[in-house]
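Asker: Have a peek at structure-v8.csv (CSV, C-alpha atoms).
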chain,number,residue,atom,x,y,z
X,1,MET,CA,-172.1,-101.6,-123.3
X,2,ASN,CA,-168.5,-101.6,-122.2
X,3,TYR,CA,-167.1,-99.0,-119.8
X,4,ASN,CA,-163.6,-98.4,-118.4
X,5,ILE,CA,-163.5,-97.3,-114.8
X,6,ALA,CA,-160.3,-96.2,-113.1
X,7,LEU,CA,-160.1,-97.2,-109.4
X,8,LEU,CA,-158.2,-95.2,-106.8
X,9,PRO,CA,-158.5,-97.3,-103.6
X,10,GLY,CA,-156.1,-95.1,-101.7
X,11,ASP,CA,-155.5,-95.6,-97.9
X,12,GLY,CA,-157.1,-96.9,-94.8
X,13,ILE,CA,-160.6,-98.2,-95.5
X,14,GLY,CA,-160.4,-97.0,-99.1
X,15,PRO,CA,-159.6,-100.5,-100.6
X,16,GLU,CA,-162.5,-102.1,-98.7
X,17,ILE,CA,-165.2,-99.7,-99.6
X,18,VAL,CA,-164.0,-99.5,-103.3
X,19,ARG,CA,-164.3,-103.3,-103.4
X,20,SER,CA,-167.8,-103.0,-102.2
X,21,ALA,CA,-168.7,-100.5,-104.9
X,22,VAL,CA,-167.2,-102.7,-107.6
X,23,GLN,CA,-169.3,-105.7,-106.4
X,24,VAL,CA,-172.4,-103.5,-106.8
X,25,LEU,CA,-171.3,-102.3,-110.2
X,26,GLU,CA,-170.7,-105.9,-111.3
X,27,CYS,CA,-174.3,-106.7,-110.2
X,28,VAL,CA,-175.6,-103.7,-112.1
X,29,GLY,CA,-173.7,-104.9,-115.2
X,30,GLN,CA,-175.2,-108.4,-115.0
X,31,ARG,CA,-178.7,-107.0,-114.5
X,32,PHE,CA,-178.6,-104.4,-117.3
X,33,GLY,CA,-176.2,-105.9,-119.8
X,34,HIS,CA,-173.1,-103.8,-119.2
X,35,HIS,CA,-169.5,-104.6,-118.6
X,36,PHE,CA,-167.5,-102.4,-116.3
X,37,ALA,CA,-163.7,-103.0,-116.8
X,38,THR,CA,-161.8,-101.7,-113.7
X,39,THR,CA,-158.2,-100.9,-113.3
X,40,SER,CA,-156.6,-99.9,-110.0
X,41,TYR,CA,-154.0,-97.1,-109.6
X,42,LEU,CA,-151.9,-95.8,-106.7
X,43,LEU,CA,-152.9,-92.6,-104.9
X,44,GLY,CA,-152.1,-91.0,-101.6
X,45,GLY,CA,-150.1,-92.7,-98.9
X,46,ALA,CA,-150.1,-96.0,-100.8
X,47,ALA,CA,-148.5,-94.2,-103.7
X,48,ILE,CA,-145.9,-92.6,-101.4
X,49,ASP,CA,-144.9,-96.0,-100.0
X,50,ALA,CA,-144.8,-97.7,-103.4
X,51,ALA,CA,-143.6,-94.9,-105.7
X,52,GLY,CA,-142.2,-92.2,-103.5
X,53,GLU,CA,-144.9,-89.6,-104.5
X,54,PRO,CA,-148.6,-89.1,-103.7
X,55,LEU,CA,-149.7,-88.8,-107.4
X,56,PRO,CA,-147.7,-90.8,-109.8
X,57,ALA,CA,-147.8,-89.9,-113.5
X,58,ASP,CA,-149.2,-93.3,-114.5
X,59,THR,CA,-152.2,-92.7,-112.2
X,60,VAL,CA,-153.0,-89.4,-113.9
X,61,GLN,CA,-152.6,-91.0,-117.3
X,62,GLY,CA,-154.9,-94.0,-116.3
X,63,CYS,CA,-157.6,-91.6,-115.1
X,64,LEU,CA,-157.4,-89.5,-118.2
X,65,ALA,CA,-157.8,-92.7,-120.3
X,66,ALA,CA,-160.9,-93.9,-118.4
X,67,ASP,CA,-164.5,-93.2,-118.8
X,68,SER,CA,-164.7,-92.1,-115.2
X,69,VAL,CA,-162.9,-92.5,-111.8
X,70,LEU,CA,-164.0,-94.0,-108.5
X,71,LEU,CA,-161.9,-93.1,-105.4
X,72,GLY,CA,-161.8,-94.5,-101.9
X,73,ALA,CA,-159.9,-92.3,-99.4
X,74,VAL,CA,-156.4,-91.0,-98.8
X,75,GLY,CA,-154.3,-90.1,-95.8
X,76,GLY,CA,-153.5,-91.3,-92.3
X,77,PRO,CA,-151.2,-90.6,-89.4
X,78,LYS,CA,-148.4,-92.6,-90.9
X,79,TRP,CA,-147.7,-89.7,-93.3
X,80,ASP,CA,-148.5,-86.8,-91.0
X,81,ASP,CA,-144.9,-85.7,-90.6
X,82,LEU,CA,-144.2,-85.2,-94.3
X,83,PRO,CA,-143.9,-81.7,-95.7
X,84,GLY,CA,-147.2,-80.2,-96.9
X,85,ASP,CA,-146.5,-80.6,-100.7
X,86,GLN,CA,-145.6,-84.3,-100.2
X,87,ARG,CA,-148.6,-85.4,-98.0
X,88,PRO,CA,-151.2,-87.8,-99.3
X,89,GLU,CA,-153.9,-85.2,-99.5
X,90,GLN,CA,-151.9,-83.3,-102.2
X,91,ALA,CA,-152.9,-86.2,-104.5
X,92,LEU,CA,-156.6,-85.1,-104.2
X,93,LEU,CA,-155.8,-81.6,-105.2
X,94,GLY,CA,-153.5,-82.8,-108.0
X,95,ILE,CA,-155.9,-85.3,-109.6
X,96,ARG,CA,-158.8,-82.8,-109.5
X,97,ALA,CA,-156.6,-80.2,-111.2
X,98,ALA,CA,-155.2,-82.8,-113.7
X,99,LEU,CA,-158.8,-83.8,-114.7
X,100,GLY,CA,-160.1,-80.2,-114.8
X,101,LEU,CA,-162.7,-81.0,-112.2
X,102,TYR,CA,-163.9,-77.6,-110.9
X,103,SER,CA,-167.4,-78.5,-109.5
X,104,ASN,CA,-168.2,-80.8,-106.6
X,105,LEU,CA,-171.7,-82.0,-106.0
X,106,ARG,CA,-172.5,-83.2,-102.5
X,107,PRO,CA,-176.0,-84.3,-101.9
X,108,ALA,CA,-177.2,-84.6,-98.3
X,109,ARG,CA,-180.4,-86.4,-97.7
X,110,LEU,CA,-181.9,-87.6,-94.5
X,111,TYR,CA,-183.3,-91.1,-95.1
X,112,PRO,CA,-186.6,-91.7,-93.4
X,113,ALA,CA,-185.1,-94.9,-91.9
X,114,LEU,CA,-182.3,-93.0,-90.3
X,115,ARG,CA,-184.3,-90.2,-88.7
X,116,ALA,CA,-183.4,-91.6,-85.2
X,117,ALA,CA,-179.7,-91.2,-86.0
X,118,CYS,CA,-180.1,-87.5,-86.9
X,119,PRO,CA,-178.8,-85.3,-84.1
X,120,LEU,CA,-181.4,-82.6,-84.7
X,121,ARG,CA,-184.6,-82.2,-82.7
X,122,SER,CA,-187.2,-84.8,-83.4
X,123,GLU,CA,-189.6,-82.4,-85.2
X,124,LEU,CA,-186.8,-81.3,-87.6
X,125,ALA,CA,-185.7,-84.9,-88.2
X,126,GLU,CA,-189.3,-85.9,-88.9
X,127,ALA,CA,-189.6,-83.1,-91.5
X,128,GLY,CA,-186.5,-84.4,-93.2
X,129,PHE,CA,-184.3,-82.6,-95.8
X,130,ASP,CA,-182.8,-83.2,-99.3
X,131,LEU,CA,-180.2,-80.6,-100.2
X,132,LEU,CA,-177.3,-80.3,-102.6
X,133,ILE,CA,-174.1,-78.4,-102.0
X,134,VAL,CA,-172.3,-77.3,-105.1
X,135,ARG,CA,-168.7,-76.6,-104.1
X,136,GLU,CA,-166.0,-74.9,-106.3
X,137,LEU,CA,-163.2,-77.3,-106.3
X,138,ILE,CA,-159.9,-76.1,-107.9
X,139,GLY,CA,-159.7,-72.5,-106.9
X,140,GLY,CA,-159.7,-70.4,-103.8
X,141,ILE,CA,-157.5,-70.7,-100.8
X,142,TYR,CA,-156.6,-74.3,-101.3
X,143,PHE,CA,-154.9,-73.5,-104.6
X,144,GLY,CA,-153.7,-70.0,-103.8
X,145,GLU,CA,-150.1,-68.9,-103.1
X,146,ARG,CA,-148.9,-70.1,-99.8
X,147,GLY,CA,-145.7,-70.2,-97.8
X,148,ARG,CA,-143.7,-69.3,-94.7
X,149,GLN,CA,-141.3,-66.5,-94.0
X,150,PRO,CA,-139.2,-65.5,-91.0
X,151,LEU,CA,-140.9,-63.0,-88.8
X,152,PRO,CA,-139.6,-59.5,-89.7
X,153,ALA,CA,-137.1,-58.0,-87.4
X,154,ALA,CA,-139.4,-55.1,-86.6
X,155,ALA,CA,-142.0,-57.6,-85.3
X,156,GLY,CA,-139.6,-59.3,-83.0
X,157,GLY,CA,-136.9,-60.8,-85.2
X,158,PRO,CA,-136.4,-64.2,-86.7
X,159,GLU,CA,-136.0,-65.8,-83.4
X,160,ALA,CA,-139.6,-64.9,-82.6
X,161,GLY,CA,-141.0,-67.3,-85.2
X,162,GLU,CA,-142.4,-67.3,-88.7
X,163,VAL,CA,-145.2,-65.8,-90.7
X,164,ALA,CA,-147.4,-68.3,-92.7
X,165,PHE,CA,-149.8,-67.3,-95.4
X,166,ASP,CA,-152.4,-68.8,-97.6
X,167,THR,CA,-154.0,-66.7,-100.4
X,168,GLU,CA,-157.7,-66.7,-101.4
X,169,ARG,CA,-158.1,-65.8,-105.0
X,170,TYR,CA,-161.0,-66.1,-107.4
X,171,SER,CA,-161.5,-64.8,-110.9
X,172,THR,CA,-164.8,-63.9,-112.7
X,173,PRO,CA,-164.6,-66.9,-115.1
X,174,GLU,CA,-164.0,-69.3,-112.2
X,175,ILE,CA,-167.1,-68.0,-110.4
X,176,GLU,CA,-169.2,-68.0,-113.5
X,177,ARG,CA,-168.5,-71.6,-114.4
X,178,ILE,CA,-169.4,-73.0,-110.9
X,179,GLY,CA,-172.3,-70.6,-110.8
X,180,ARG,CA,-173.8,-72.0,-114.0
X,181,VAL,CA,-173.5,-75.6,-112.6
X,182,ALA,CA,-175.4,-74.5,-109.5
X,183,PHE,CA,-178.1,-72.6,-111.4
X,184,ALA,CA,-178.6,-75.6,-113.7
X,185,ALA,CA,-178.9,-77.9,-110.8
X,186,ALA,CA,-181.4,-75.7,-109.0
X,187,ALA,CA,-183.5,-75.4,-112.2
X,188,LYS,CA,-183.8,-79.3,-112.2
X,189,ARG,CA,-184.9,-79.4,-108.6
X,190,THR,CA,-187.2,-76.8,-106.8
X,191,GLY,CA,-185.7,-73.7,-108.4
X,192,ARG,CA,-184.1,-72.3,-105.2
X,193,LEU,CA,-180.4,-71.4,-105.0
X,194,VAL,CA,-178.6,-70.0,-102.0
X,195,SER,CA,-175.1,-68.5,-102.7
X,196,VAL,CA,-172.9,-68.6,-99.6
X,197,ASP,CA,-170.1,-66.1,-99.2
X,198,LYS,CA,-168.5,-63.7,-96.7
X,199,ALA,CA,-169.1,-60.5,-98.7
X,200,ASN,CA,-169.2,-58.4,-95.5
X,201,VAL,CA,-165.4,-59.0,-95.1
X,202,LEU,CA,-163.8,-60.6,-98.1
X,203,GLU,CA,-163.2,-59.0,-101.5
X,204,THR,CA,-163.3,-62.4,-103.2
X,205,SER,CA,-166.8,-62.9,-101.8
X,206,ARG,CA,-167.9,-59.5,-103.0
X,207,LEU,CA,-166.8,-60.5,-106.5
X,208,TRP,CA,-168.5,-63.9,-106.0
X,209,ARG,CA,-171.8,-62.2,-105.0
X,210,GLN,CA,-171.7,-59.7,-107.9
X,211,THR,CA,-171.1,-62.5,-110.4
X,212,MET,CA,-173.8,-64.7,-109.0
X,213,HIS,CA,-176.3,-61.8,-109.2
X,214,ARG,CA,-175.4,-61.2,-112.8
X,215,LEU,CA,-175.8,-64.8,-113.7
X,216,ALA,CA,-179.2,-64.9,-112.2
X,217,ASP,CA,-180.5,-62.9,-115.2
X,218,ASP,CA,-179.8,-66.0,-117.4
X,219,TYR,CA,-181.9,-68.2,-115.1
X,220,PRO,CA,-185.2,-66.5,-114.4
X,221,GLU,CA,-186.8,-69.8,-113.3
X,222,VAL,CA,-184.3,-69.9,-110.3
X,223,GLU,CA,-184.8,-67.9,-107.2
X,224,LEU,CA,-181.4,-66.7,-106.0
X,225,SER,CA,-180.6,-65.5,-102.4
X,226,ASP,CA,-177.4,-64.7,-100.6
X,227,MET,CA,-176.3,-65.9,-97.2
X,228,LEU,CA,-173.1,-65.3,-95.2
X,229,VAL,CA,-171.2,-68.4,-94.4
X,230,ASP,CA,-171.5,-68.1,-90.6
X,231,ASN,CA,-175.3,-67.7,-90.9
X,232,ALA,CA,-175.4,-70.7,-93.3
X,233,ALA,CA,-173.6,-72.9,-90.8
X,234,MET,CA,-176.1,-71.9,-88.2
X,235,GLN,CA,-179.1,-72.3,-90.5
X,236,LEU,CA,-178.1,-75.8,-91.5
X,237,ILE,CA,-178.4,-76.8,-87.8
X,238,ARG,CA,-181.5,-74.7,-87.2
X,239,ASN,CA,-183.5,-75.8,-90.2
X,240,PRO,CA,-181.8,-77.7,-93.0
X,241,GLY,CA,-185.1,-78.3,-94.7
X,242,GLN,CA,-185.1,-74.6,-95.8
X,243,PHE,CA,-182.3,-75.4,-98.3
X,244,ASP,CA,-182.5,-76.9,-101.8
X,245,VAL,CA,-179.2,-76.0,-103.6
X,246,LEU,CA,-176.3,-74.1,-102.0
X,247,VAL,CA,-173.3,-72.9,-104.0
X,248,THR,CA,-170.1,-71.7,-102.4
X,249,SER,CA,-166.3,-71.5,-102.6
X,250,ASN,CA,-163.8,-74.3,-102.1
X,251,MET,CA,-163.1,-73.9,-98.4
X,252,PHE,CA,-166.6,-72.9,-97.3
X,253,GLY,CA,-168.0,-75.8,-99.3
X,254,ASP,CA,-165.6,-78.2,-97.7
X,255,ILE,CA,-166.7,-77.2,-94.2
X,256,LEU,CA,-170.5,-76.9,-94.8
X,257,SER,CA,-170.8,-80.2,-96.6
X,258,ASP,CA,-169.1,-82.0,-93.7
X,259,GLU,CA,-171.5,-80.3,-91.3
X,260,ALA,CA,-174.4,-81.3,-93.5
X,261,SER,CA,-173.2,-84.9,-93.5
X,262,GLN,CA,-173.5,-85.2,-89.8
X,263,LEU,CA,-177.2,-84.2,-90.0
X,264,THR,CA,-177.8,-87.3,-92.1
X,265,GLY,CA,-176.8,-89.6,-89.2
X,266,SER,CA,-173.3,-90.4,-90.4
X,267,ILE,CA,-170.6,-89.1,-92.7
X,268,GLY,CA,-170.5,-92.6,-94.0
X,269,MET,CA,-173.7,-92.0,-95.9
X,270,LEU,CA,-172.6,-89.1,-98.2
X,271,ALA,CA,-171.4,-89.5,-101.8
X,272,SER,CA,-169.9,-86.8,-104.0
X,273,ALA,CA,-169.3,-86.2,-107.7
X,274,SER,CA,-166.5,-83.9,-109.0
X,275,LEU,CA,-167.1,-82.8,-112.6
X,276,GLY,CA,-165.6,-80.6,-115.3
X,277,GLU,CA,-166.5,-79.8,-118.8
X,278,GLY,CA,-166.7,-83.3,-120.2
X,279,THR,CA,-168.4,-86.4,-118.9
X,280,ARG,CA,-165.5,-87.9,-117.0
X,281,GLY,CA,-165.7,-87.3,-113.3
X,282,LEU,CA,-164.2,-88.3,-110.0
X,283,TYR,CA,-166.6,-90.0,-107.6
X,284,GLU,CA,-165.8,-90.5,-103.9
X,285,PRO,CA,-167.3,-90.7,-100.4
X,286,ILE,CA,-166.8,-87.5,-98.5
X,287,HIS,CA,-165.5,-89.3,-95.4
X,288,GLY,CA,-161.8,-89.9,-94.7
X,289,SER,CA,-159.6,-92.9,-94.6
X,290,ALA,CA,-160.4,-93.9,-91.0
X,291,PRO,CA,-157.2,-95.9,-90.5
X,292,ASP,CA,-158.2,-96.9,-87.0
X,293,ILE,CA,-160.9,-99.2,-88.4
X,294,ALA,CA,-159.2,-100.3,-91.6
X,295,GLY,CA,-159.2,-104.0,-92.2
X,296,ARG,CA,-161.7,-104.7,-89.5
X,297,ASP,CA,-164.8,-105.1,-91.7
X,298,ILE,CA,-166.8,-102.4,-89.9
X,299,ALA,CA,-166.6,-99.5,-92.4
X,300,ASN,CA,-169.8,-98.2,-93.9
X,301,PRO,CA,-169.6,-98.8,-97.7
X,302,ILE,CA,-172.9,-97.0,-98.5
X,303,ALA,CA,-171.3,-93.6,-99.4
X,304,THR,CA,-169.0,-95.2,-101.9
X,305,ILE,CA,-171.8,-97.3,-103.3
X,306,LEU,CA,-173.9,-94.2,-103.8
X,307,SER,CA,-170.8,-92.5,-105.3
X,308,ALA,CA,-170.8,-95.3,-107.9
X,309,ALA,CA,-174.5,-94.6,-108.5
X,310,MET,CA,-173.6,-90.9,-109.2
X,311,LEU,CA,-170.9,-92.1,-111.6
X,312,LEU,CA,-173.5,-94.1,-113.6
X,313,ARG,CA,-175.8,-91.1,-113.7
X,314,TYR,CA,-173.5,-88.2,-114.4
X,315,SER,CA,-170.6,-89.7,-116.4
X,316,LEU,CA,-172.2,-92.7,-118.2
X,317,GLY,CA,-175.8,-91.4,-118.5
X,318,LEU,CA,-177.2,-94.6,-117.0
X,319,ASN,CA,-180.0,-93.2,-115.0
X,320,ALA,CA,-182.1,-96.3,-114.5
X,321,GLU,CA,-179.0,-98.2,-113.3
X,322,ALA,CA,-178.2,-95.4,-110.8
X,323,ARG,CA,-181.8,-95.4,-109.5
X,324,ALA,CA,-181.6,-99.2,-109.1
X,325,ILE,CA,-178.6,-98.8,-106.7
X,326,GLU,CA,-180.3,-96.0,-104.8
X,327,SER,CA,-183.5,-98.0,-104.4
X,328,ALA,CA,-181.5,-101.1,-103.2
X,329,VAL,CA,-179.8,-98.9,-100.5
X,330,ASP,CA,-183.3,-97.6,-99.5
X,331,ALA,CA,-184.6,-101.1,-99.3
X,332,VAL,CA,-181.7,-102.4,-97.1
X,333,LEU,CA,-182.0,-99.4,-94.7
X,334,ASP,CA,-185.8,-99.8,-94.6
X,335,SER,CA,-185.3,-103.5,-93.6
X,336,GLY,CA,-183.4,-102.4,-90.5
X,337,LEU,CA,-179.9,-103.4,-91.4
X,338,ARG,CA,-177.2,-101.0,-90.1
X,339,THR,CA,-173.4,-100.7,-90.0
X,340,ALA,CA,-172.1,-99.6,-86.6
X,341,ASP,CA,-171.9,-95.9,-87.5
X,342,ILE,CA,-175.7,-95.7,-88.2
X,343,ALA,CA,-177.0,-98.2,-85.6
X,344,ALA,CA,-178.8,-97.1,-82.5
X,345,PRO,CA,-177.1,-97.9,-79.2
X,346,SER,CA,-179.1,-101.0,-78.6
X,347,GLN,CA,-179.4,-102.0,-82.3
X,348,PRO,CA,-177.3,-104.8,-83.7
X,349,SER,CA,-174.9,-103.9,-86.6
X,350,ILE,CA,-173.4,-105.7,-89.5
X,351,GLY,CA,-170.0,-105.3,-91.2
X,352,THR,CA,-168.8,-103.9,-94.5
X,353,GLN,CA,-169.1,-107.2,-96.4
X,354,ALA,CA,-172.5,-108.1,-95.0
X,355,MET,CA,-173.9,-104.6,-95.9
X,356,THR,CA,-172.5,-104.9,-99.4
X,357,LYS,CA,-174.0,-108.4,-99.8
X,358,ALA,CA,-177.4,-107.1,-98.6
X,359,ILE,CA,-177.4,-104.3,-101.2
X,360,VAL,CA,-176.3,-106.7,-104.0
X,361,THR,CA,-179.1,-109.0,-103.0
X,362,ALA,CA,-181.6,-106.2,-103.0
X,363,LEU,CA,-180.4,-105.3,-106.5
X,364,GLU,CA,-180.8,-108.8,-107.7
X,365,ASP,CA,-184.3,-109.2,-106.1
X,366,SER,CA,-185.6,-106.0,-107.6
X,367,GLY,CA,-184.3,-107.2,-111.0
X,368,ASN,CA,-186.0,-110.5,-110.6
X,369,ALA,CA,-189.2,-108.8,-109.5
X,370,GLY,CA,-189.1,-106.6,-112.7
Write out the structure in this file as structure tokens.

Answerer:
Amino acid sequence: MNYNIALLPGDGIGPEIVRSAVQVLECVGQRFGHHFATTSYLLGGAAIDAAGEPLPADTVQGCLAADSVLLGAVGGPKWDDLPGDQRPEQALLGIRAALGLYSNLRPARLYPALRAACPLRSELAEAGFDLLIVRELIGGIYFGERGRQPLPAAAGGPEAGEVAFDTERYSTPEIERIGRVAFAAAAKRTGRLVSVDKANVLETSRLWRQTMHRLADDYPEVELSDMLVDNAAMQLIRNPGQFDVLVTSNMFGDILSDEASQLTGSIGMLASASLGEGTRGLYEPIHGSAPDIAGRDIANPIATILSAAMLLRYSLGLNAEARAIESAVDAVLDSGLRTADIAAPSQPSIGTQAMTKAIVTALEDSGNAG
């Protein structure tokens, strides 16, 4: 089978880790008889430098024409002084909206081989966890009305400063569609879903909770419970093993998934899938562009490689191929190989290219053994 994958390498370590994922995809193609045609497009700071804008039209068109999209990372201090609507990060919001990607799946699993890297107490790390955060992606405060105004004269006059505002807004249909994604995901796992909100304060959260409870009638096999976001943040540290699937708003999901990533030992281990109504998705590691280590061959490519596995599973329906990548990552970690971010203080580490080669070799070996 032939597949067309759009690549958005982006900034910082993005090009390096995307190259790693492509090498793994090429190995998968050779082993399973597929051809993955890849085309790279500009995004983020790289697009600003080359085209004067963070999300060029041809990037959007290329992504819309592809079977799916693999992204590296965007942003960096080079572009920090640009106005908000011209910053590299706006490209992420724009491409998600252009592709209609309203749900973000962020799995967080503590690999047995990385228990020593987990910052939790040893008994919690030993118990492990495997949870999924379902984050609404194109609504809420990140997409609401925003701006600045002079401070009213009655409050001290214009010379006293400005008023800035960002608006949180959710509609019933927006909540329903992300809710159904979460209920369906929970039904395929252990049947437990926690809806995270701030219903004791926010009207949007009260609508969120009301809608989730109504949806629960359609999924009798799923046990739904509610949790306030501040408690959820605490419970993730206290006992992450209590969770299976969590569903929450754009901003809360952004924060909680980054918190969960640190419990796995490194943010360099977590993949994500952004999905809409069709099969096309946007797959990316949840870490940033890390410009301070760009070009030094020390970035962890595993999150991007696992994002490629999610691409195979969710967009292309290639479940065996996705499992092969995940098993290769397991095998490499079990063998003791580590990049610097997941190595113990006294443990030697390997670079980006060496880790990629090790995963490719494990993929080849498992294919030969089969």

Asker: Please determine, counting only C-alpha atoms, which residue among X:Arg338, X:Lys78, X:Arg121, X:Arg96 has the shortest atom-to-atom distance to Leu64 of chain X.

Answerer: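 Among the listed residues, X:Arg96 lies closest to Leu64 of chain X.
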
Asker: Using Å and a single decimal, report how far atom CA of Glu259 of chain X sits from atom CA of Gly94 of chain X.

Answerer: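 One can read the atom CA of Gly94 of chain X to atom CA of Glu259 of chain X distance as 24.7 Å.
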
Asker: Which residue, X:Ala273, X:Ala187, X:Ile325, X:Ala97, has the smallest gap to Leu311 of chain X when you use all atoms listed in the file?

Answerer: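 Closest to Leu311 of chain X of all the choices is X:Ala273.
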
Asker: For segment 138-153 of chain X, list every protein, DNA or RNA residue within 7 Å, evaluated using only C-alpha atoms, and leave out those in the same chain fewer than 4 positions away; present the list as an NGL selection string.

Answerer: :X and (96-97 or 102 or 157-158 or 160-170 or 249-251)

Asker: Take atom CA of Gly14 of chain X and atom CA of Ser346 of chain X and report the distance between them in Å, one decimal.

Answerer: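 The value is 28.0 Å.
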
Asker: I'd like to know which of X:Leu137, X:Val329, X:Leu228, X:Leu246 is closest to Ala182 of chain X, using only C-alpha atoms.

Answerer: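 Comparing X:Leu137, X:Val329, X:Leu228, X:Leu246 against Ala182 of chain X, the winner is X:Leu246.
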
Asker: Would you kindly return, as a list in words, each protein, DNA or RNA residue with an atom no farther than 7 Å from any atom of segment 71-74 of chain X, considering only C-alpha atoms and excluding same-chain residues fewer than 5 positions away?

Answerer: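 Non-adjacent residues within range: Leu7, Leu8, Pro9, Gly10, Asp11, Gly14, Pro15, Ile17, Val18, Gly44, Gly45, Pro88, Glu89, Tyr283, Glu284, Pro285, Gly288 and Ser289 of chain X.
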
Asker: Smallest atom-to-atom distance to Ser327 of chain X: which of X:Asn231, X:Gln347, X:Thr361, X:Ser225, using all atoms listed in the file?

Answerer: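 Residue with the minimum atom-to-atom distance to Ser327 of chain X: X:Thr361.
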
Asker: Identify, on the basis of all atoms listed in the file, every residue whose closest approach to Glu126 of chain X does not exceed 10 Å; exclude the query and any residue fewer than 5 positions from it along the same chain; express the result as a count of residues only.

Answerer: 7

Asker: Write out as a PyMOL selection string each polymer residue whose atoms come within 10 Å of segment 290-302 of chain X, counting all atoms listed in the file; drop sequence neighbours fewer than 6 positions from it.

Answerer: chain X and resi 11-21+72-78+266-271+308+326+329+338-342+349-356+359

Asker: Please produce an output containing C-alpha atoms for each residue in the selection, written as a short mmCIF file (atom, residue, chain, number, x, y, z; two decimals), in the frame of the given file.

Answerer:
data_model
loop_
_atom_site.label_atom_id
_atom_site.label_comp_id
_atom_site.auth_asym_id
_atom_site.auth_seq_id
_atom_site.Cartn_x
_atom_site.Cartn_y
_atom_site.Cartn_z
CA ASP X 11 -155.50 -95.60 -97.90
CA GLY X 12 -157.10 -96.90 -94.80
CA ILE X 13 -160.60 -98.20 -95.50
CA GLY X 14 -160.40 -97.00 -99.10
CA PRO X 15 -159.60 -100.50 -100.60
CA GLU X 16 -162.50 -102.10 -98.70
CA ILE X 17 -165.20 -99.70 -99.60
CA VAL X 18 -164.00 -99.50 -103.30
CA ARG X 19 -164.30 -103.30 -103.40
CA SER X 20 -167.80 -103.00 -102.20
CA ALA X 21 -168.70 -100.50 -104.90
CA GLY X 72 -161.80 -94.50 -101.90
CA ALA X 73 -159.90 -92.30 -99.40
CA VAL X 74 -156.40 -91.00 -98.80
CA GLY X 75 -154.30 -90.10 -95.80
CA GLY X 76 -153.50 -91.30 -92.30
CA PRO X 77 -151.20 -90.60 -89.40
CA LYS X 78 -148.40 -92.60 -90.90
CA SER X 266 -173.30 -90.40 -90.40
CA ILE X 267 -170.60 -89.10 -92.70
CA GLY X 268 -170.50 -92.60 -94.00
CA MET X 269 -173.70 -92.00 -95.90
CA LEU X 270 -172.60 -89.10 -98.20
CA ALA X 271 -171.40 -89.50 -101.80
CA ALA X 308 -170.80 -95.30 -107.90
CA GLU X 326 -180.30 -96.00 -104.80
CA VAL X 329 -179.80 -98.90 -100.50
CA ARG X 338 -177.20 -101.00 -90.10
CA THR X 339 -173.40 -100.70 -90.00
CA ALA X 340 -172.10 -99.60 -86.60
CA ASP X 341 -171.90 -95.90 -87.50
CA ILE X 342 -175.70 -95.70 -88.20
CA SER X 349 -174.90 -103.90 -86.60
CA ILE X 350 -173.40 -105.70 -89.50
CA GLY X 351 -170.00 -105.30 -91.20
CA THR X 352 -168.80 -103.90 -94.50
CA GLN X 353 -169.10 -107.20 -96.40
CA ALA X 354 -172.50 -108.10 -95.00
CA MET X 355 -173.90 -104.60 -95.90
CA THR X 356 -172.50 -104.90 -99.40
CA ILE X 359 -177.40 -104.30 -101.20
#
